[in-house]
$ cat coords00.cif   # mmCIF, C-alpha atoms
data_run
loop_
_atom_site.group_PDB
_atom_site.id
_atom_site.type_symbol
_atom_site.label_atom_id
_atom_site.label_comp_id
_atom_site.auth_asym_id
_atom_site.auth_seq_id
_atom_site.Cartn_x
_atom_site.Cartn_y
_atom_site.Cartn_z
ATOM 1 C CA MET G 1 50.504 -113.189 53.498
ATOM 2 C CA MET G 2 52.991 -110.688 54.787
ATOM 3 C CA PHE G 3 54.580 -110.436 51.388
ATOM 4 C CA ASN G 4 51.203 -109.763 49.781
ATOM 5 C CA PHE G 5 50.453 -106.947 52.182
ATOM 6 C CA PHE G 6 53.844 -105.486 51.454
ATOM 7 C CA THR G 7 53.402 -105.486 47.694
ATOM 8 C CA LEU G 8 49.915 -104.061 48.087
ATOM 9 C CA PHE G 9 51.312 -101.272 50.222
ATOM 10 C CA ILE G 10 53.922 -100.486 47.596
ATOM 11 C CA LEU G 11 51.346 -100.499 44.829
ATOM 12 C CA LEU G 12 48.965 -98.244 46.702
ATOM 13 C CA GLN G 13 51.671 -95.820 47.739
ATOM 14 C CA GLU G 14 51.604 -92.434 46.085
ATOM 15 C CA VAL G 15 54.781 -92.078 44.101
ATOM 16 C CA ALA G 16 55.832 -88.538 43.322
ATOM 17 C CA MET G 17 56.024 -88.360 39.560
ATOM 18 C CA ALA G 18 54.903 -86.027 36.813
ATOM 19 C CA ASP G 19 51.292 -86.560 37.767
ATOM 20 C CA ALA G 20 50.119 -83.164 36.648
ATOM 21 C CA MET G 21 49.684 -84.406 33.100
ATOM 22 C CA ARG G 22 47.758 -87.475 34.220
ATOM 23 C CA SER G 23 45.180 -86.012 36.573
ATOM 24 C CA ASN G 24 41.577 -85.395 35.569
ATOM 25 C CA GLY G 25 41.539 -88.224 33.086
ATOM 26 C CA LYS G 26 44.629 -86.889 31.263
ATOM 27 C CA ILE G 27 42.728 -83.950 29.870
ATOM 28 C CA TYR G 28 45.802 -81.746 30.315
ATOM 29 C CA VAL G 29 47.537 -83.725 27.596
ATOM 30 C CA VAL G 30 44.768 -82.746 25.191
ATOM 31 C CA VAL G 31 45.123 -79.126 26.289
ATOM 32 C CA VAL G 32 48.869 -79.154 25.591
ATOM 33 C CA ILE G 33 48.378 -80.794 22.189
ATOM 34 C CA SER G 34 45.690 -78.255 21.222
ATOM 35 C CA LEU G 35 47.891 -75.390 22.337
ATOM 36 C CA ILE G 36 50.831 -76.700 20.298
ATOM 37 C CA ILE G 37 48.642 -76.762 17.182
ATOM 38 C CA LEU G 38 47.142 -73.360 17.974
ATOM 39 C CA PHE G 39 50.488 -71.680 18.551
ATOM 40 C CA SER G 40 52.064 -73.183 15.468
ATOM 41 C CA LEU G 41 49.120 -71.833 13.479
ATOM 42 C CA PHE G 42 49.650 -68.392 15.017
ATOM 43 C CA LEU G 43 53.340 -68.570 14.201
ATOM 44 C CA TYR G 44 52.535 -69.618 10.643
ATOM 45 C CA LEU G 45 50.116 -66.708 10.182
ATOM 46 C CA TYR G 46 52.652 -64.306 11.615
ATOM 47 C CA ARG G 47 55.408 -65.542 9.304
ATOM 48 C CA ILE G 48 53.181 -65.376 6.228
ATOM 49 C CA GLU G 49 52.294 -61.806 7.109
ATOM 50 C CA LYS G 50 55.952 -60.887 7.485
ATOM 51 C CA LYS G 51 56.770 -62.500 4.148
ATOM 52 C CA ILE G 52 54.008 -60.632 2.339
ATOM 53 C CA GLU G 53 55.199 -57.370 3.869
ATOM 54 C CA SER G 54 58.768 -58.006 2.754
ATOM 55 C CA ILE G 55 57.569 -58.731 -0.798
ATOM 56 C CA LYS G 56 55.632 -55.484 -0.652
ATOM 57 C CA LYS G 57 58.780 -53.591 0.321
ATOM 58 C CA ASN G 58 60.866 -55.120 -2.437
ATOM 59 C CA LYS G 59 58.352 -54.222 -5.127
ATOM 60 C CA MET H 1 44.227 -52.862 14.205
ATOM 61 C CA ARG H 2 47.379 -53.469 16.231
ATOM 62 C CA PHE H 3 45.551 -54.963 19.214
ATOM 63 C CA ILE H 4 43.922 -57.653 17.061
ATOM 64 C CA LYS H 5 46.795 -60.153 17.066
ATOM 65 C CA PRO H 6 47.752 -60.167 20.775
ATOM 66 C CA LEU H 7 44.109 -60.151 21.843
ATOM 67 C CA CYS H 8 43.302 -62.987 19.448
ATOM 68 C CA ILE H 9 46.207 -65.082 20.736
ATOM 69 C CA LEU H 10 45.254 -64.370 24.341
ATOM 70 C CA LEU H 11 41.565 -65.172 23.941
ATOM 71 C CA LEU H 12 42.094 -68.324 21.885
ATOM 72 C CA THR H 13 44.731 -69.609 24.296
ATOM 73 C CA TYR H 14 42.215 -69.050 27.071
ATOM 74 C CA THR H 15 39.529 -70.817 25.024
ATOM 75 C CA PHE H 16 41.685 -73.838 24.302
ATOM 76 C CA THR H 17 42.630 -74.288 27.957
ATOM 77 C CA ALA H 18 39.539 -73.181 29.885
ATOM 78 C CA GLY H 19 37.357 -74.837 27.276
ATOM 79 C CA TYR H 20 38.706 -78.244 28.256
ATOM 80 C CA LEU H 21 39.279 -77.680 31.949
ATOM 81 C CA PHE H 22 36.400 -75.602 33.308
ATOM 82 C CA GLU H 23 33.308 -77.184 34.769
ATOM 83 C CA VAL H 24 30.430 -77.644 32.364
ATOM 84 C CA PRO H 25 26.814 -78.580 33.092
ATOM 85 C CA ALA H 26 26.301 -82.349 33.120
ATOM 86 C CA LEU H 27 23.512 -82.984 30.647
ATOM 87 C CA PRO H 28 22.236 -86.277 29.220
ATOM 88 C CA ILE H 29 23.103 -87.129 25.577
ATOM 89 C CA LEU H 30 25.416 -84.111 25.309
ATOM 90 C CA ASN H 31 27.850 -85.223 28.028
ATOM 91 C CA GLU H 32 31.282 -83.710 27.421
ATOM 92 C CA THR H 33 30.414 -82.741 23.851
ATOM 93 C CA ILE H 34 28.822 -79.622 25.318
ATOM 94 C CA ARG H 35 32.350 -78.220 25.100
ATOM 95 C CA ALA H 36 32.014 -78.219 21.319
ATOM 96 C CA LEU H 37 29.891 -75.119 21.887
ATOM 97 C CA TYR H 38 33.137 -73.187 22.393
ATOM 98 C CA LEU H 39 34.425 -74.190 18.957
ATOM 99 C CA HIS H 40 31.435 -74.909 16.732
ATOM 100 C CA VAL H 41 29.264 -71.858 17.468
ATOM 101 C CA PRO H 42 32.076 -69.253 17.185
ATOM 102 C CA MET H 43 32.656 -70.509 13.619
ATOM 103 C CA TRP H 44 29.157 -69.319 12.704
ATOM 104 C CA PHE H 45 29.518 -66.067 14.622
ATOM 105 C CA THR H 46 32.750 -65.359 12.794
ATOM 106 C CA MET H 47 31.152 -66.227 9.462
ATOM 107 C CA ILE H 48 28.216 -63.875 10.113
ATOM 108 C CA PHE H 49 30.538 -61.097 11.263
ATOM 109 C CA LEU H 50 32.842 -61.381 8.238
ATOM 110 C CA LEU H 51 29.934 -61.642 5.798
ATOM 111 C CA LEU H 52 28.363 -58.573 7.393
ATOM 112 C CA LEU H 53 31.612 -56.676 6.817
ATOM 113 C CA SER H 54 31.682 -58.054 3.287
ATOM 114 C CA SER H 55 28.203 -56.797 2.455
ATOM 115 C CA PHE H 56 28.994 -53.478 4.115
ATOM 116 C CA HIS H 57 32.008 -53.025 1.830
ATOM 117 C CA SER H 58 29.900 -54.080 -1.155
ATOM 118 C CA TYR H 59 27.443 -51.361 -0.246
ATOM 119 C CA ARG H 60 30.314 -48.872 0.037
ATOM 120 C CA TYR H 61 31.616 -49.936 -3.362
ATOM 121 C CA VAL H 62 28.234 -49.411 -5.002
ATOM 122 C CA SER H 63 27.938 -45.969 -3.415
ATOM 123 C CA ASN H 64 31.426 -44.605 -4.101
ATOM 124 C CA GLY H 65 33.065 -46.909 -6.673
ATOM 125 C CA ASN H 66 36.394 -47.289 -4.874
ATOM 126 C CA ILE H 67 37.932 -50.578 -6.051
ATOM 127 C CA LEU H 68 39.470 -51.151 -2.615
ATOM 128 C CA HIS H 69 36.001 -51.709 -1.153
ATOM 129 C CA ASP H 70 35.242 -54.314 -3.790
ATOM 130 C CA MET H 71 38.503 -56.075 -2.967
ATOM 131 C CA LYS H 72 37.734 -55.988 0.746
ATOM 132 C CA SER H 73 34.204 -57.289 0.305
ATOM 133 C CA TYR H 74 35.440 -60.179 -1.839
ATOM 134 C CA ASN H 75 38.145 -60.938 0.710
ATOM 135 C CA PHE H 76 35.819 -60.924 3.723
ATOM 136 C CA ALA H 77 33.306 -63.124 1.905
ATOM 137 C CA HIS H 78 36.066 -65.577 1.047
ATOM 138 C CA ILE H 79 37.300 -65.954 4.632
ATOM 139 C CA GLY H 80 33.743 -65.880 5.993
ATOM 140 C CA VAL H 81 32.680 -68.785 3.797
ATOM 141 C CA TYR H 82 35.710 -70.762 4.980
ATOM 142 C CA PHE H 83 34.538 -70.308 8.560
ATOM 143 C CA GLY H 84 31.033 -71.329 7.487
ATOM 144 C CA ILE H 85 32.358 -74.559 5.981
ATOM 145 C CA LEU H 86 34.234 -75.249 9.220
ATOM 146 C CA GLY H 87 31.009 -74.629 11.154
ATOM 147 C CA LEU H 88 29.168 -77.073 8.928
ATOM 148 C CA LEU H 89 31.821 -79.787 9.261
ATOM 149 C CA THR H 90 32.198 -79.446 13.042
ATOM 150 C CA GLY H 91 28.415 -79.395 13.393
ATOM 151 C CA MET H 92 28.149 -82.595 11.370
ATOM 152 C CA VAL H 93 30.542 -84.441 13.679
ATOM 153 C CA TRP H 94 28.745 -83.122 16.735
ATOM 154 C CA ALA H 95 25.358 -84.104 15.284
ATOM 155 C CA ARG H 96 26.585 -87.633 14.563
ATOM 156 C CA TYR H 97 27.232 -88.289 18.251
ATOM 157 C CA THR H 98 24.281 -86.429 19.768
ATOM 158 C CA TRP H 99 21.434 -86.492 17.237
ATOM 159 C CA GLY H 100 22.517 -89.756 15.637
ATOM 160 C CA THR H 101 23.270 -88.774 12.027
ATOM 161 C CA PHE H 102 25.658 -86.476 10.223
ATOM 162 C CA TRP H 103 22.803 -84.611 8.591
ATOM 163 C CA THR H 104 19.232 -84.146 9.691
ATOM 164 C CA ASN H 105 16.537 -82.181 7.908
ATOM 165 C CA ASP H 106 16.799 -79.573 10.610
ATOM 166 C CA PRO H 107 15.803 -76.143 9.207
ATOM 167 C CA LYS H 108 18.954 -74.581 10.595
ATOM 168 C CA LEU H 109 21.196 -77.085 8.830
ATOM 169 C CA ASN H 110 19.421 -76.762 5.505
ATOM 170 C CA GLY H 111 19.248 -72.987 5.868
ATOM 171 C CA SER H 112 22.966 -72.630 6.487
ATOM 172 C CA ALA H 113 23.768 -75.005 3.618
ATOM 173 C CA ILE H 114 21.583 -72.971 1.239
ATOM 174 C CA GLY H 115 23.215 -69.796 2.555
ATOM 175 C CA LEU H 116 26.657 -71.160 1.762
ATOM 176 C CA LEU H 117 25.482 -72.217 -1.706
ATOM 177 C CA ILE H 118 24.295 -68.636 -2.326
ATOM 178 C CA TYR H 119 27.808 -67.468 -1.497
ATOM 179 C CA PHE H 120 29.339 -70.091 -3.795
ATOM 180 C CA GLY H 121 27.141 -68.494 -6.447
ATOM 181 C CA TYR H 122 28.757 -65.160 -5.589
ATOM 182 C CA PHE H 123 32.257 -66.515 -6.232
ATOM 183 C CA ILE H 124 31.206 -68.110 -9.513
ATOM 184 C CA LEU H 125 29.503 -64.886 -10.586
ATOM 185 C CA ARG H 126 32.619 -62.899 -9.710
ATOM 186 C CA SER H 127 35.009 -65.128 -11.565
ATOM 187 C CA SER H 128 32.826 -65.169 -14.681
ATOM 188 C CA ILE H 129 33.137 -61.421 -15.372
ATOM 189 C CA ASP H 130 36.429 -60.039 -16.691
ATOM 190 C CA ASP H 131 35.710 -56.319 -16.749
ATOM 191 C CA GLU H 132 36.763 -54.901 -13.397
ATOM 192 C CA SER H 133 34.093 -52.267 -12.790
ATOM 193 C CA LYS H 134 31.295 -54.422 -14.157
ATOM 194 C CA ARG H 135 32.439 -57.324 -11.977
ATOM 195 C CA GLY H 136 32.570 -55.055 -8.949
ATOM 196 C CA LYS H 137 29.090 -53.637 -9.468
ATOM 197 C CA ILE H 138 27.277 -56.868 -10.290
ATOM 198 C CA SER H 139 28.941 -58.920 -7.568
ATOM 199 C CA SER H 140 28.467 -56.151 -4.984
ATOM 200 C CA VAL H 141 24.737 -55.999 -5.596
ATOM 201 C CA TYR H 142 24.586 -59.793 -5.461
ATOM 202 C CA ASN H 143 26.602 -59.796 -2.238
ATOM 203 C CA VAL H 144 24.301 -57.361 -0.438
ATOM 204 C CA PHE H 145 21.364 -59.477 -1.594
ATOM 205 C CA SER H 146 22.946 -62.736 -0.446
ATOM 206 C CA PHE H 147 23.614 -61.417 3.053
ATOM 207 C CA SER H 148 20.017 -60.296 3.339
ATOM 208 C CA MET H 149 19.025 -63.826 2.269
ATOM 209 C CA LEU H 150 21.333 -65.394 4.838
ATOM 210 C CA ILE H 151 19.662 -63.709 7.828
ATOM 211 C CA PRO H 152 16.184 -65.209 7.286
ATOM 212 C CA LEU H 153 17.716 -68.557 6.311
ATOM 213 C CA ILE H 154 19.800 -68.889 9.464
ATOM 214 C CA PHE H 155 18.006 -66.819 12.077
ATOM 215 C CA ILE H 156 14.340 -66.391 11.171
ATOM 216 C CA LEU H 157 13.123 -69.507 9.359
ATOM 217 C CA PRO H 158 14.496 -72.013 11.949
ATOM 218 C CA ARG H 159 12.614 -70.133 14.678
ATOM 219 C CA LEU H 160 9.311 -70.390 12.853
ATOM 220 C CA THR H 161 9.396 -74.178 12.923
ATOM 221 C CA ASP H 162 10.897 -76.689 15.298
ATOM 222 C CA SER H 163 14.622 -77.067 15.251
ATOM 223 C CA LEU H 164 16.983 -79.361 17.080
ATOM 224 C CA HIS H 165 19.233 -76.400 17.768
ATOM 225 C CA PRO H 166 18.755 -74.849 21.199
ATOM 226 C CA GLY H 167 17.172 -71.427 21.132
ATOM 227 C CA ASN H 168 15.153 -72.205 18.016
ATOM 228 C CA GLY H 169 11.555 -73.190 17.522
ATOM 229 C CA GLY H 170 9.940 -70.091 18.954
ATOM 230 C CA ASN H 171 12.502 -69.098 21.560
ATOM 231 C CA PRO H 172 15.114 -66.433 21.097
ATOM 232 C CA GLY H 173 18.726 -67.633 21.283
ATOM 233 C CA PHE H 174 20.802 -67.331 24.437
ATOM 234 C CA ASN H 175 17.993 -67.474 26.898
ATOM 235 C CA VAL H 176 18.524 -68.538 30.496
ATOM 236 C CA TYR H 177 17.640 -72.166 29.763
ATOM 237 C CA ASP H 178 20.175 -72.688 27.003
ATOM 238 C CA MET H 179 23.297 -71.241 28.516
ATOM 239 C CA ASN H 180 24.431 -70.889 32.053
ATOM 240 C CA SER H 181 27.100 -68.591 33.408
ATOM 241 C CA GLN H 182 29.743 -71.369 33.362
ATOM 242 C CA LEU H 183 29.389 -71.707 29.609
ATOM 243 C CA ARG H 184 29.287 -67.973 28.984
ATOM 244 C CA LEU H 185 32.587 -67.604 30.829
ATOM 245 C CA VAL H 186 34.370 -69.356 27.969
ATOM 246 C CA PHE H 187 31.855 -68.883 25.169
ATOM 247 C CA TYR H 188 32.046 -65.100 24.795
ATOM 248 C CA PRO H 189 35.860 -64.936 24.842
ATOM 249 C CA ALA H 190 35.859 -67.795 22.322
ATOM 250 C CA VAL H 191 33.528 -65.907 19.982
ATOM 251 C CA THR H 192 35.617 -62.741 20.257
ATOM 252 C CA GLY H 193 38.859 -64.663 19.772
ATOM 253 C CA PHE H 194 37.681 -66.448 16.633
ATOM 254 C CA ILE H 195 36.257 -63.222 15.162
ATOM 255 C CA LEU H 196 39.648 -61.588 15.709
ATOM 256 C CA LEU H 197 41.328 -64.607 14.082
ATOM 257 C CA GLY H 198 39.022 -64.138 11.093
ATOM 258 C CA LEU H 199 39.969 -60.457 10.897
ATOM 259 C CA TRP H 200 43.651 -61.326 11.150
ATOM 260 C CA ILE H 201 43.486 -63.857 8.313
ATOM 261 C CA SER H 202 41.412 -61.430 6.227
ATOM 262 C CA ASP H 203 44.020 -58.749 6.785
ATOM 263 C CA ILE H 204 46.814 -61.024 5.566
ATOM 264 C CA ARG H 205 44.844 -62.119 2.521
ATOM 265 C CA LEU H 206 43.940 -58.521 1.680
ATOM 266 C CA LYS H 207 47.631 -57.609 1.635
ATOM 267 C CA MET H 208 48.196 -60.480 -0.785
ATOM 268 C CA LEU H 209 45.321 -59.355 -3.020
ATOM 269 C CA LYS H 210 46.689 -55.813 -3.097
ATOM 270 C CA LEU H 211 50.104 -57.143 -4.151
ATOM 271 C CA ASN H 212 48.499 -59.123 -6.968
ATOM 272 C CA GLN H 213 46.632 -56.043 -8.113
ATOM 273 C CA LYS H 214 49.819 -53.966 -8.562
#
$ encode --input "coords00.cif" --output "structure tokens"
Amino acid sequence: MMFNFFTLFILLQEVAMADAMRSNGKIYVVVVISLIILFSLFLYLYRIEKKIESIKKNK
Amino acid sequence: MRFIKPLCILLLTYTFTAGYLFEVPALPILNETIRALYLHVPMWFTMIFLLLLSSFHSYRYVSNGNILHDMKSYNFAHIGVYFGILGLLTGMVWARYTWGTFWTNDPKLNGSAIGLLIYFGYFILRSSIDDESKRGKISSVYNVFSFSMLIPLIFILPRLTDSLHPGNGGNPGFNVYDMNSQLRLVFYPAVTGFILLGLWISDIRLKMLKLNQK
């Protein structure tokens, strides 16, 4: 009985971990994934633009 | 033109974070899919904006004959139609999980599909004429016509009958019942951000077209 209470206490205890990504039904993970895709698209657009400009200069 | 890129990045970053995290109205059937408003509707706004610019440049080409206007109008139409296709695809997924099927005979759906087909006709017409000035003139006139067809197809006809889309079937769009201030807080930045993204992509593609021309 005592042992059961003890394990229950340990299980219920709040353990300080990287909980920020898990709160609110893990929606933050989706946000991070979307932002990764968005920023890589921005980077891609930016690099294409730079490439076109350099071709323009060389012509 | 210089503010376009940073503002676009800022607004879309805001959209893709606030869009998931902010409170939204809890409505039956829609549930969390109400957040698709921030992504699906801006596609159409961007399409309309780019196609408006396209028909404006077509009009300019007809009035002054500068080939740059023809190039711009073709370019804006091209990017605008891409955004329209994205709007159609995202709308189909959304419809599947709220209205039950990928495609309903909703006047707004059929209208936007016909509108896109009219623009496909524009690209086919353009590519079928070799002579530069003739191609410019004919396709410009067609382009002005197709934009003036798009407005009744998307905005007027769906309001004359019943539509599943909010704000249609007699009511003007964006009334107090359709959107609350929570949604507007993300929706307007999202629309602006995607329009700026459309302008950015158009700008890049225009540079490419100019290089090809030389």
$ atom_distance --input "coords00.cif" --atom1 "CA of Leu164 in chain H" --atom2 "CA of Gly121 in chain H"
27.8 Å
$ closest_residue --input "coords00.cif" --among "H:Ile138, H:Arg35, H:Thr101, H:Leu51" --to "Val81 in chain H" --atoms "only C-alpha atoms"
H:Leu51
$ resolve_selection --input "coords00.cif" --expression "the PyMOL selection byres ((chain G) within 8 of (chain H))" --output "list in words"
Ile27, Tyr28, Val31, Ser34, Leu35, Leu38, Phe42, Leu45, Ile48, Glu49, Ile52, Glu53 and Lys56 of chain G
$ atom_distance --input "coords00.cif" --atom1 "CA of Ile195 in chain H" --atom2 "CA of Tyr44 in chain G"
18.1 Å
$ atom_distance --input "coords00.cif" --atom1 "CA of Val62 in chain H" --atom2 "CA of Tyr142 in chain H"
11.0 Å
$ resolve_selection --input "coords00.cif" --expression "the PyMOL selection byres ((chain H and resi 74) around 9)" --output "PyMOL selection string"
chain H and resi 54+57-58+69-73+75-79+123+126+139-140+143
$ axis_aligned_box --input "coords00.cif" --around "range 67-79 of chain H" --padding-each-side "6 Å" --output "lines of an AutoDock Vina configuration file"
center_x = 36.4
center_y = -58.3
center_z = -0.7
size_x = 18.2
size_y = 27.4
size_z = 22.7
$ residues_around --input "coords00.cif" --residues "Trp103 in chain H" --least-positions-apart "3" --cutoff "12 Å" --atoms "all atoms listed in the file" --output "PDB file with C-alpha atoms, keeping the file's coordinate frame"
ATOM      1  CA  LEU H  88      29.168 -77.073   8.928  1.00  0.00           C
ATOM      2  CA  LEU H  89      31.821 -79.787   9.261  1.00  0.00           C
ATOM      3  CA  THR H  90      32.198 -79.446  13.042  1.00  0.00           C
ATOM      4  CA  GLY H  91      28.415 -79.395  13.393  1.00  0.00           C
ATOM      5  CA  MET H  92      28.149 -82.595  11.370  1.00  0.00           C
ATOM      6  CA  VAL H  93      30.542 -84.441  13.679  1.00  0.00           C
ATOM      7  CA  TRP H  94      28.745 -83.122  16.735  1.00  0.00           C
ATOM      8  CA  ALA H  95      25.358 -84.104  15.284  1.00  0.00           C
ATOM      9  CA  ARG H  96      26.585 -87.633  14.563  1.00  0.00           C
ATOM     10  CA  TYR H  97      27.232 -88.289  18.251  1.00  0.00           C
ATOM     11  CA  THR H  98      24.281 -86.429  19.768  1.00  0.00           C
ATOM     12  CA  TRP H  99      21.434 -86.492  17.237  1.00  0.00           C
ATOM     13  CA  GLY H 100      22.517 -89.756  15.637  1.00  0.00           C
ATOM     14  CA  ASP H 106      16.799 -79.573  10.610  1.00  0.00           C
ATOM     15  CA  PRO H 107      15.803 -76.143   9.207  1.00  0.00           C
ATOM     16  CA  LYS H 108      18.954 -74.581  10.595  1.00  0.00           C
ATOM     17  CA  LEU H 109      21.196 -77.085   8.830  1.00  0.00           C
ATOM     18  CA  ASN H 110      19.421 -76.762   5.505  1.00  0.00           C
ATOM     19  CA  ALA H 113      23.768 -75.005   3.618  1.00  0.00           C
ATOM     20  CA  LEU H 164      16.983 -79.361  17.080  1.00  0.00           C
TER      21      LEU H 164
END
$ build_atoms --input "coords00.cif" --residues "range 31-55 of chain G" --atoms "N, CA and C atoms" --output "PDB file, keeping the file's coordinate frame"
ATOM      1  N   VAL G  31      44.938 -80.577  26.270  1.00  0.00           N
ATOM      2  CA  VAL G  31      45.123 -79.126  26.289  1.00  0.00           C
ATOM      3  C   VAL G  31      46.471 -78.762  25.678  1.00  0.00           C
ATOM      4  N   VAL G  32      47.521 -79.465  26.098  1.00  0.00           N
ATOM      5  CA  VAL G  32      48.869 -79.154  25.591  1.00  0.00           C
ATOM      6  C   VAL G  32      48.936 -79.384  24.080  1.00  0.00           C
ATOM      7  N   ILE G  33      48.360 -80.496  23.628  1.00  0.00           N
ATOM      8  CA  ILE G  33      48.378 -80.794  22.189  1.00  0.00           C
ATOM      9  C   ILE G  33      47.638 -79.714  21.407  1.00  0.00           C
ATOM     10  N   SER G  34      46.447 -79.310  21.903  1.00  0.00           N
ATOM     11  CA  SER G  34      45.690 -78.255  21.222  1.00  0.00           C
ATOM     12  C   SER G  34      46.475 -76.960  21.168  1.00  0.00           C
ATOM     13  N   LEU G  35      47.146 -76.646  22.296  1.00  0.00           N
ATOM     14  CA  LEU G  35      47.891 -75.390  22.337  1.00  0.00           C
ATOM     15  C   LEU G  35      49.079 -75.421  21.380  1.00  0.00           C
ATOM     16  N   ILE G  36      49.718 -76.585  21.255  1.00  0.00           N
ATOM     17  CA  ILE G  36      50.831 -76.700  20.298  1.00  0.00           C
ATOM     18  C   ILE G  36      50.321 -76.389  18.891  1.00  0.00           C
ATOM     19  N   ILE G  37      49.199 -77.003  18.520  1.00  0.00           N
ATOM     20  CA  ILE G  37      48.642 -76.762  17.182  1.00  0.00           C
ATOM     21  C   ILE G  37      48.262 -75.297  17.018  1.00  0.00           C
ATOM     22  N   LEU G  38      47.593 -74.746  18.038  1.00  0.00           N
ATOM     23  CA  LEU G  38      47.142 -73.360  17.974  1.00  0.00           C
ATOM     24  C   LEU G  38      48.317 -72.409  17.803  1.00  0.00           C
ATOM     25  N   PHE G  39      49.364 -72.609  18.606  1.00  0.00           N
ATOM     26  CA  PHE G  39      50.488 -71.680  18.551  1.00  0.00           C
ATOM     27  C   PHE G  39      51.271 -71.825  17.261  1.00  0.00           C
ATOM     28  N   SER G  40      51.359 -73.057  16.742  1.00  0.00           N
ATOM     29  CA  SER G  40      52.064 -73.183  15.468  1.00  0.00           C
ATOM     30  C   SER G  40      51.264 -72.519  14.350  1.00  0.00           C
ATOM     31  N   LEU G  41      49.936 -72.548  14.461  1.00  0.00           N
ATOM     32  CA  LEU G  41      49.120 -71.833  13.479  1.00  0.00           C
ATOM     33  C   LEU G  41      49.343 -70.325  13.584  1.00  0.00           C
ATOM     34  N   PHE G  42      49.387 -69.819  14.824  1.00  0.00           N
ATOM     35  CA  PHE G  42      49.650 -68.392  15.017  1.00  0.00           C
ATOM     36  C   PHE G  42      50.997 -68.008  14.414  1.00  0.00           C
ATOM     37  N   LEU G  43      51.996 -68.837  14.703  1.00  0.00           N
ATOM     38  CA  LEU G  43      53.340 -68.570  14.201  1.00  0.00           C
ATOM     39  C   LEU G  43      53.346 -68.553  12.673  1.00  0.00           C
ATOM     40  N   TYR G  44      52.625 -69.506  12.099  1.00  0.00           N
ATOM     41  CA  TYR G  44      52.535 -69.618  10.643  1.00  0.00           C
ATOM     42  C   TYR G  44      51.902 -68.364  10.047  1.00  0.00           C
ATOM     43  N   LEU G  45      50.785 -67.927  10.648  1.00  0.00           N
ATOM     44  CA  LEU G  45      50.116 -66.708  10.182  1.00  0.00           C
ATOM     45  C   LEU G  45      51.061 -65.514  10.264  1.00  0.00           C
ATOM     46  N   TYR G  46      51.749 -65.427  11.393  1.00  0.00           N
ATOM     47  CA  TYR G  46      52.652 -64.306  11.615  1.00  0.00           C
ATOM     48  C   TYR G  46      53.753 -64.275  10.564  1.00  0.00           C
ATOM     49  N   ARG G  47      54.308 -65.467  10.269  1.00  0.00           N
ATOM     50  CA  ARG G  47      55.408 -65.542   9.304  1.00  0.00           C
ATOM     51  C   ARG G  47      54.930 -65.226   7.891  1.00  0.00           C
ATOM     52  N   ILE G  48      53.731 -65.699   7.552  1.00  0.00           N
ATOM     53  CA  ILE G  48      53.181 -65.376   6.228  1.00  0.00           C
ATOM     54  C   ILE G  48      53.011 -63.866   6.082  1.00  0.00           C
ATOM     55  N   GLU G  49      52.510 -63.247   7.158  1.00  0.00           N
ATOM     56  CA  GLU G  49      52.294 -61.806   7.109  1.00  0.00           C
ATOM     57  C   GLU G  49      53.612 -61.070   6.893  1.00  0.00           C
ATOM     58  N   LYS G  50      54.634 -61.519   7.627  1.00  0.00           N
ATOM     59  CA  LYS G  50      55.952 -60.887   7.485  1.00  0.00           C
ATOM     60  C   LYS G  50      56.480 -61.061   6.063  1.00  0.00           C
ATOM     61  N   LYS G  51      56.279 -62.245   5.499  1.00  0.00           N
ATOM     62  CA  LYS G  51      56.770 -62.500   4.148  1.00  0.00           C
ATOM     63  C   LYS G  51      56.082 -61.604   3.132  1.00  0.00           C
ATOM     64  N   ILE G  52      54.761 -61.477   3.269  1.00  0.00           N
ATOM     65  CA  ILE G  52      54.008 -60.632   2.339  1.00  0.00           C
ATOM     66  C   ILE G  52      54.478 -59.184   2.448  1.00  0.00           C
ATOM     67  N   GLU G  53      54.744 -58.746   3.680  1.00  0.00           N
ATOM     68  CA  GLU G  53      55.199 -57.370   3.869  1.00  0.00           C
ATOM     69  C   GLU G  53      56.567 -57.142   3.239  1.00  0.00           C
ATOM     70  N   SER G  54      57.436 -58.170   3.342  1.00  0.00           N
ATOM     71  CA  SER G  54      58.768 -58.006   2.754  1.00  0.00           C
ATOM     72  C   SER G  54      58.681 -57.986   1.230  1.00  0.00           C
ATOM     73  N   ILE G  55      57.774 -58.772   0.647  1.00  0.00           N
ATOM     74  CA  ILE G  55      57.569 -58.731  -0.798  1.00  0.00           C
ATOM     75  C   ILE G  55      57.080 -57.344  -1.213  1.00  0.00           C
TER      76      ILE G  55
END
